[in-house]
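Read the structure below first, then the notes.
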Amino acid sequence: MIVALVVVAKIPAAMAQFMDKKVLTLATALNMAAAAKAEAERNHIAGVIAIVDDGGWPIVLVRMDNAAYLASVDLAPGKARAAALFKKPTEALENAINQGRIAAVTAHKFVEMKGGLPIVVDGQVIGGIGASFDTPEHDVQIAEAGLAVLGR
């Protein structure tokens with residue numbers, strides 16, 4: 001009986017080694033993509049919106065009809081992935097390159113251009129959203145519209 005009590009007493013201590021992790025669900029990602037798409041439609045522009053999880057893996061990709069650039073199908077997911085894995089807006093990465101950190105362009109499968117934002121919940125990066133439309137400013141605007149869903 002004493003042995004059983006010792007084992008039971010150790011279980012809470014072992015569980016304390018693990019942290020709770022927030023996860024980006026498909027339902028949330030779809031809501032974010034819908035909000036971003038609605039913002040694009042309000043501005044009469046078309047492009048691509050991508051949402052990835054905290055590992056940079058795709059959850060949602062929305063390619064709007066008549067997207068401004070065919071390359072956006074690669075650019076938006078690359079921005080989302082970079083934002084998630086670097087845990088910062090891709091604008092910061094673009095700025096680093098523009099300020100002389102040229103070696104950063106060798107980072108494979110990352111797009112270090114404006115339009116990628118990390119998705120942060122309770123201080124944890126749970127994913128990234130990337131947008132590729134007609135201008136860097138619109139890219140950021142569309143991505144921010146998708147993030148706004150989390151504030152509602």
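The way I read the labels, and the way they are meant: chains A, B, ... in the order of the structure tokens, residue 1 as the first residue of every chain, and ligand 1 as the first ligand shown, with later ones counted on from there.
The shell of residues at most 8 Å from Lys114 in chain A, with only C-alpha atoms counted and near chain neighbours (fewer than 4 positions) removed, consists of Lys79, Pro89, Thr90, Glu91, Glu94, Pro136, Glu137, Asp139 and Val140 of chain A.
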Could you name the residues that touch Val23 in chain A at 12 Å or less, counting only C-alpha atoms, but leaving out those on the same chain fewer than 2 positions away, as a PDB file with C-alpha atoms, in the first residue's frame?
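Contents of out.pdb, as written:
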ATOM      1  CA  ASP A  20      -0.225  23.734 -21.843  1.00  0.00           C
ATOM      2  CA  LYS A  21      -0.033  24.549 -25.519  1.00  0.00           C
ATOM      3  CA  THR A  25      -7.890  25.004 -35.025  1.00  0.00           C
ATOM      4  CA  LEU A  26      -9.212  24.639 -38.527  1.00  0.00           C
ATOM      5  CA  ALA A  27     -12.393  26.475 -37.518  1.00  0.00           C
ATOM      6  CA  THR A  28     -10.419  29.484 -36.278  1.00  0.00           C
ATOM      7  CA  ALA A  29      -8.155  29.463 -39.316  1.00  0.00           C
ATOM      8  CA  VAL A  52      -0.151  27.947 -40.999  1.00  0.00           C
ATOM      9  CA  ASP A  53       0.289  26.317 -37.595  1.00  0.00           C
ATOM     10  CA  ASP A  54       3.170  26.994 -35.194  1.00  0.00           C
ATOM     11  CA  GLY A  55       5.400  24.583 -37.151  1.00  0.00           C
ATOM     12  CA  ILE A  59      -3.942  24.848 -42.509  1.00  0.00           C
ATOM     13  CA  ILE A 119      -0.689  34.535 -34.642  1.00  0.00           C
ATOM     14  CA  VAL A 120      -0.213  35.050 -30.910  1.00  0.00           C
ATOM     15  CA  VAL A 121      -2.600  33.877 -28.185  1.00  0.00           C
ATOM     16  CA  ASP A 122      -1.804  34.351 -24.493  1.00  0.00           C
ATOM     17  CA  GLN A 124       2.233  31.941 -27.427  1.00  0.00           C
ATOM     18  CA  VAL A 125       2.826  31.932 -31.176  1.00  0.00           C
ATOM     19  CA  ILE A 126       0.323  29.389 -32.470  1.00  0.00           C
ATOM     20  CA  GLY A 127       0.747  30.045 -36.185  1.00  0.00           C
ATOM     21  CA  GLY A 128       1.121  32.650 -38.877  1.00  0.00           C
TER      22      GLY A 128
END
### Task
Using DSSP on the backbone, list every residue of range 7-105 of chain A that comes out as strand (DSSP E or B), and give them as a ChimeraX atom specification.
/A:48-53,58-63
Just N, CA, C and O atoms for this one: save the residues we selected as a PDB file, in the first residue's frame.
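File written: out15.pdb
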ATOM      1  N   VAL A  48      -3.903  36.107 -52.443  1.00  0.00           N
ATOM      2  CA  VAL A  48      -3.834  34.819 -51.762  1.00  0.00           C
ATOM      3  C   VAL A  48      -3.611  35.034 -50.270  1.00  0.00           C
ATOM      4  O   VAL A  48      -2.813  35.879 -49.870  1.00  0.00           O
ATOM      5  N   ILE A  49      -4.327  34.248 -49.472  1.00  0.00           N
ATOM      6  CA  ILE A  49      -4.223  34.279 -48.009  1.00  0.00           C
ATOM      7  C   ILE A  49      -3.825  32.877 -47.560  1.00  0.00           C
ATOM      8  O   ILE A  49      -4.409  31.889 -48.021  1.00  0.00           O
ATOM      9  N   ALA A  50      -2.836  32.803 -46.676  1.00  0.00           N
ATOM     10  CA  ALA A  50      -2.404  31.506 -46.156  1.00  0.00           C
ATOM     11  C   ALA A  50      -2.327  31.567 -44.636  1.00  0.00           C
ATOM     12  O   ALA A  50      -1.915  32.579 -44.071  1.00  0.00           O
ATOM     13  N   ILE A  51      -2.720  30.473 -44.007  1.00  0.00           N
ATOM     14  CA  ILE A  51      -2.638  30.367 -42.553  1.00  0.00           C
ATOM     15  C   ILE A  51      -1.955  29.042 -42.239  1.00  0.00           C
ATOM     16  O   ILE A  51      -2.324  27.992 -42.783  1.00  0.00           O
ATOM     17  N   VAL A  52      -0.932  29.130 -41.371  1.00  0.00           N
ATOM     18  CA  VAL A  52      -0.151  27.947 -40.999  1.00  0.00           C
ATOM     19  C   VAL A  52      -0.170  27.772 -39.484  1.00  0.00           C
ATOM     20  O   VAL A  52      -0.482  28.704 -38.735  1.00  0.00           O
ATOM     21  N   ASP A  53       0.200  26.569 -39.034  1.00  0.00           N
ATOM     22  CA  ASP A  53       0.289  26.317 -37.595  1.00  0.00           C
ATOM     23  C   ASP A  53       1.654  26.778 -37.066  1.00  0.00           C
ATOM     24  O   ASP A  53       2.443  27.365 -37.812  1.00  0.00           O
ATOM     25  N   PRO A  58       0.791  24.196 -43.475  1.00  0.00           N
ATOM     26  CA  PRO A  58      -0.439  24.843 -43.943  1.00  0.00           C
ATOM     27  C   PRO A  58      -1.705  24.289 -43.295  1.00  0.00           C
ATOM     28  O   PRO A  58      -1.828  23.092 -43.081  1.00  0.00           O
ATOM     29  N   ILE A  59      -2.601  25.210 -42.978  1.00  0.00           N
ATOM     30  CA  ILE A  59      -3.942  24.848 -42.509  1.00  0.00           C
ATOM     31  C   ILE A  59      -4.962  25.300 -43.552  1.00  0.00           C
ATOM     32  O   ILE A  59      -5.847  24.543 -43.928  1.00  0.00           O
ATOM     33  N   VAL A  60      -4.820  26.538 -44.037  1.00  0.00           N
ATOM     34  CA  VAL A  60      -5.758  27.094 -45.010  1.00  0.00           C
ATOM     35  C   VAL A  60      -4.985  27.879 -46.066  1.00  0.00           C
ATOM     36  O   VAL A  60      -4.062  28.621 -45.735  1.00  0.00           O
ATOM     37  N   LEU A  61      -5.389  27.715 -47.307  1.00  0.00           N
ATOM     38  CA  LEU A  61      -4.878  28.535 -48.399  1.00  0.00           C
ATOM     39  C   LEU A  61      -6.077  28.981 -49.218  1.00  0.00           C
ATOM     40  O   LEU A  61      -6.856  28.132 -49.681  1.00  0.00           O
ATOM     41  N   VAL A  62      -6.244  30.283 -49.372  1.00  0.00           N
ATOM     42  CA  VAL A  62      -7.347  30.839 -50.158  1.00  0.00           C
ATOM     43  C   VAL A  62      -6.752  31.595 -51.339  1.00  0.00           C
ATOM     44  O   VAL A  62      -6.032  32.577 -51.149  1.00  0.00           O
ATOM     45  N   ARG A  63      -7.023  31.094 -52.520  1.00  0.00           N
ATOM     46  CA  ARG A  63      -6.597  31.776 -53.747  1.00  0.00           C
ATOM     47  C   ARG A  63      -7.844  32.391 -54.360  1.00  0.00           C
ATOM     48  O   ARG A  63      -8.707  31.686 -54.889  1.00  0.00           O
TER      49      ARG A  63
END
### Message
Need the shell around range 142-148 of chain A: protein/DNA/RNA residues with any atom at most 7 Å away, counting only C-alpha atoms. Skip same-chain ones fewer than 3 positions apart. Format as a list in words?
### Response
Met32, Ala33, Ala35, Ala36, Glu39, Ala40, Gly115, Gly116, Leu117, Ile119, Ile129, Gly130, Ala131, His138, Asp139, Gly151 and Arg152 of chain A
Now that the selection is made, can you save its residues with N, CA and C atoms as an mmCIF file, in the first residue's frame?
data_model
loop_
_atom_site.group_PDB
_atom_site.id
_atom_site.type_symbol
_atom_site.label_atom_id
_atom_site.label_comp_id
_atom_site.auth_asym_id
_atom_site.auth_seq_id
_atom_site.Cartn_x
_atom_site.Cartn_y
_atom_site.Cartn_z
ATOM 1 N N MET A 32 -10.497 33.266 -39.758
ATOM 2 C CA MET A 32 -9.489 34.284 -40.056
ATOM 3 C C MET A 32 -9.387 34.506 -41.561
ATOM 4 N N ALA A 33 -9.368 33.418 -42.323
ATOM 5 C CA ALA A 33 -9.274 33.536 -43.778
ATOM 6 C C ALA A 33 -10.494 34.253 -44.349
ATOM 7 N N ALA A 35 -12.359 36.492 -42.829
ATOM 8 C CA ALA A 35 -12.267 37.919 -42.493
ATOM 9 C C ALA A 35 -11.252 38.628 -43.383
ATOM 10 N N ALA A 36 -10.140 37.980 -43.645
ATOM 11 C CA ALA A 36 -9.130 38.563 -44.523
ATOM 12 C C ALA A 36 -9.671 38.712 -45.943
ATOM 13 N N GLU A 39 -12.069 41.594 -46.192
ATOM 14 C CA GLU A 39 -11.345 42.878 -46.238
ATOM 15 C C GLU A 39 -10.816 43.139 -47.652
ATOM 16 N N ALA A 40 -10.285 42.118 -48.281
ATOM 17 C CA ALA A 40 -9.795 42.269 -49.649
ATOM 18 C C ALA A 40 -10.940 42.651 -50.591
ATOM 19 N N GLY A 115 3.729 41.399 -45.027
ATOM 20 C CA GLY A 115 2.495 40.668 -45.279
ATOM 21 C C GLY A 115 2.357 39.387 -44.490
ATOM 22 N N GLY A 116 3.341 39.068 -43.656
ATOM 23 C CA GLY A 116 3.247 37.896 -42.800
ATOM 24 C C GLY A 116 3.224 38.323 -41.342
ATOM 25 N N LEU A 117 2.286 37.792 -40.582
ATOM 26 C CA LEU A 117 2.153 38.145 -39.166
ATOM 27 C C LEU A 117 2.035 36.883 -38.323
ATOM 28 N N ILE A 119 0.584 34.624 -35.350
ATOM 29 C CA ILE A 119 -0.689 34.535 -34.642
ATOM 30 C C ILE A 119 -0.342 34.217 -33.194
ATOM 31 N N ILE A 129 -0.106 34.085 -40.351
ATOM 32 C CA ILE A 129 -0.986 34.400 -41.483
ATOM 33 C C ILE A 129 -0.169 35.199 -42.485
ATOM 34 N N GLY A 130 -0.304 34.841 -43.747
ATOM 35 C CA GLY A 130 0.407 35.546 -44.799
ATOM 36 C C GLY A 130 -0.566 35.974 -45.879
ATOM 37 N N ALA A 131 -0.319 37.140 -46.436
ATOM 38 C CA ALA A 131 -1.166 37.664 -47.506
ATOM 39 C C ALA A 131 -0.278 38.181 -48.625
ATOM 40 N N HIS A 138 -1.218 46.645 -48.709
ATOM 41 C CA HIS A 138 -2.444 45.843 -48.744
ATOM 42 C C HIS A 138 -2.213 44.469 -48.129
ATOM 43 N N ASP A 139 -1.039 43.893 -48.355
ATOM 44 C CA ASP A 139 -0.725 42.594 -47.769
ATOM 45 C C ASP A 139 -0.859 42.643 -46.247
ATOM 46 N N GLY A 151 -9.471 38.982 -31.762
ATOM 47 C CA GLY A 151 -9.801 40.015 -30.789
ATOM 48 C C GLY A 151 -11.281 40.156 -30.516
ATOM 49 N N ARG A 152 -12.095 39.457 -31.264
ATOM 50 C CA ARG A 152 -13.550 39.589 -31.134
ATOM 51 C C ARG A 152 -14.064 38.782 -29.985
#
Could you give me, as a compact mmCIF listing (two decimals) with all heavy atoms, in the first residue's frame, the residues within 7 Å of Ala82 in chain A, counting only C-alpha atoms and dropping anything in the same chain fewer than 6 positions from it?
# COMPACT_ATOMS: atom_id res chain seq x y z
N THR A 90 6.91 39.58 -40.78
CA THR A 90 7.91 39.47 -41.84
C THR A 90 8.47 40.82 -42.24
O THR A 90 9.56 40.89 -42.81
CB THR A 90 7.34 38.74 -43.06
OG1 THR A 90 6.12 39.38 -43.47
CG2 THR A 90 7.08 37.27 -42.75
N PHE A 110 11.43 30.56 -46.79
CA PHE A 110 10.87 31.68 -46.05
C PHE A 110 10.73 32.86 -47.01
O PHE A 110 11.60 33.08 -47.85
CB PHE A 110 11.77 32.11 -44.89
CG PHE A 110 11.90 31.09 -43.82
CD1 PHE A 110 13.04 30.32 -43.70
CD2 PHE A 110 10.86 30.86 -42.92
CE1 PHE A 110 13.16 29.37 -42.70
CE2 PHE A 110 10.96 29.92 -41.92
CZ PHE A 110 12.12 29.17 -41.82
N VAL A 111 9.64 33.59 -46.88
CA VAL A 111 9.47 34.80 -47.67
C VAL A 111 9.55 35.97 -46.69
O VAL A 111 8.68 36.15 -45.84
CB VAL A 111 8.13 34.79 -48.44
CG1 VAL A 111 7.94 36.11 -49.18
CG2 VAL A 111 8.11 33.63 -49.42
N GLU A 112 10.62 36.73 -46.83
CA GLU A 112 10.91 37.81 -45.89
C GLU A 112 10.50 39.16 -46.48
O GLU A 112 11.33 40.02 -46.74
CB GLU A 112 12.39 37.75 -45.52
CG GLU A 112 12.72 36.41 -44.86
CD GLU A 112 14.19 36.13 -44.76
OE1 GLU A 112 14.74 35.59 -45.73
OE2 GLU A 112 14.77 36.45 -43.72
### Message
Can you tell me, as a ChimeraX atom specification, which residues in range 6-133 of chain A count as helix (DSSP H, G or I) by DSSP?
### Response
/A:6-15,26-42,72-86,90-98,102-106
Same residues, C-alpha atoms, output as a tab-separated table (two decimals), in the first residue's frame:
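Generated file (again_1.tsv):
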chain	number	residue	atom	x	y	z
A	6	VAL	CA	4.52	6.87	-3.53
A	7	VAL	CA	3.72	6.23	-7.21
A	8	VAL	CA	0.52	8.29	-7.02
A	9	ALA	CA	2.37	11.11	-5.28
A	10	LYS	CA	4.92	11.26	-8.12
A	11	ILE	CA	2.35	11.60	-10.93
A	12	PRO	CA	1.53	15.30	-10.28
A	13	ALA	CA	5.25	16.08	-10.11
A	14	ALA	CA	5.82	14.36	-13.46
A	15	MET	CA	2.89	16.21	-15.03
A	26	LEU	CA	-9.21	24.64	-38.53
A	27	ALA	CA	-12.39	26.47	-37.52
A	28	THR	CA	-10.42	29.48	-36.28
A	29	ALA	CA	-8.16	29.46	-39.32
A	30	LEU	CA	-11.19	29.40	-41.62
A	31	ASN	CA	-12.74	32.34	-39.74
A	32	MET	CA	-9.49	34.28	-40.06
A	33	ALA	CA	-9.27	33.54	-43.78
A	34	ALA	CA	-12.89	34.61	-44.28
A	35	ALA	CA	-12.27	37.92	-42.49
A	36	ALA	CA	-9.13	38.56	-44.52
A	37	LYS	CA	-10.94	37.73	-47.77
A	38	ALA	CA	-13.83	40.04	-46.83
A	39	GLU	CA	-11.34	42.88	-46.24
A	40	ALA	CA	-9.79	42.27	-49.65
A	41	GLU	CA	-13.21	42.28	-51.30
A	42	ARG	CA	-14.12	45.57	-49.55
A	72	SER	CA	1.21	34.78	-54.61
A	73	VAL	CA	0.41	31.07	-54.26
A	74	ASP	CA	4.03	30.64	-53.09
A	75	LEU	CA	4.47	34.03	-51.46
A	76	ALA	CA	1.55	33.98	-49.00
A	77	PRO	CA	2.40	30.60	-47.42
A	78	GLY	CA	6.08	31.57	-47.28
A	79	LYS	CA	5.20	34.76	-45.42
A	80	ALA	CA	2.92	32.89	-43.01
A	81	ARG	CA	5.61	30.26	-42.38
A	82	ALA	CA	8.31	32.88	-41.77
A	83	ALA	CA	6.08	34.82	-39.35
A	84	ALA	CA	5.25	31.67	-37.39
A	85	LEU	CA	8.77	30.25	-37.17
A	86	PHE	CA	10.62	33.52	-36.63
A	90	THR	CA	7.91	39.47	-41.84
A	91	GLU	CA	8.31	43.22	-42.18
A	92	ALA	CA	11.01	42.98	-39.48
A	93	LEU	CA	12.82	40.38	-41.57
A	94	GLU	CA	12.54	42.52	-44.70
A	95	ASN	CA	13.87	45.51	-42.77
A	96	ALA	CA	16.87	43.50	-41.54
A	97	ILE	CA	17.74	42.60	-45.13
A	98	ASN	CA	17.30	46.20	-46.27
A	102	ILE	CA	21.79	40.25	-46.79
A	103	ALA	CA	22.63	36.68	-45.72
A	104	ALA	CA	19.04	36.37	-44.47
A	105	VAL	CA	17.85	35.89	-48.05
A	106	THR	CA	19.44	32.42	-48.01
### Query
Which neighbours of Tyr69 in chain A fall inside 8 Å, counting only C-alpha atoms, when residues of the same chain fewer than 6 positions from it are skipped, and could you give them as a PyMOL selection string?
chain A and resi 47+133-134
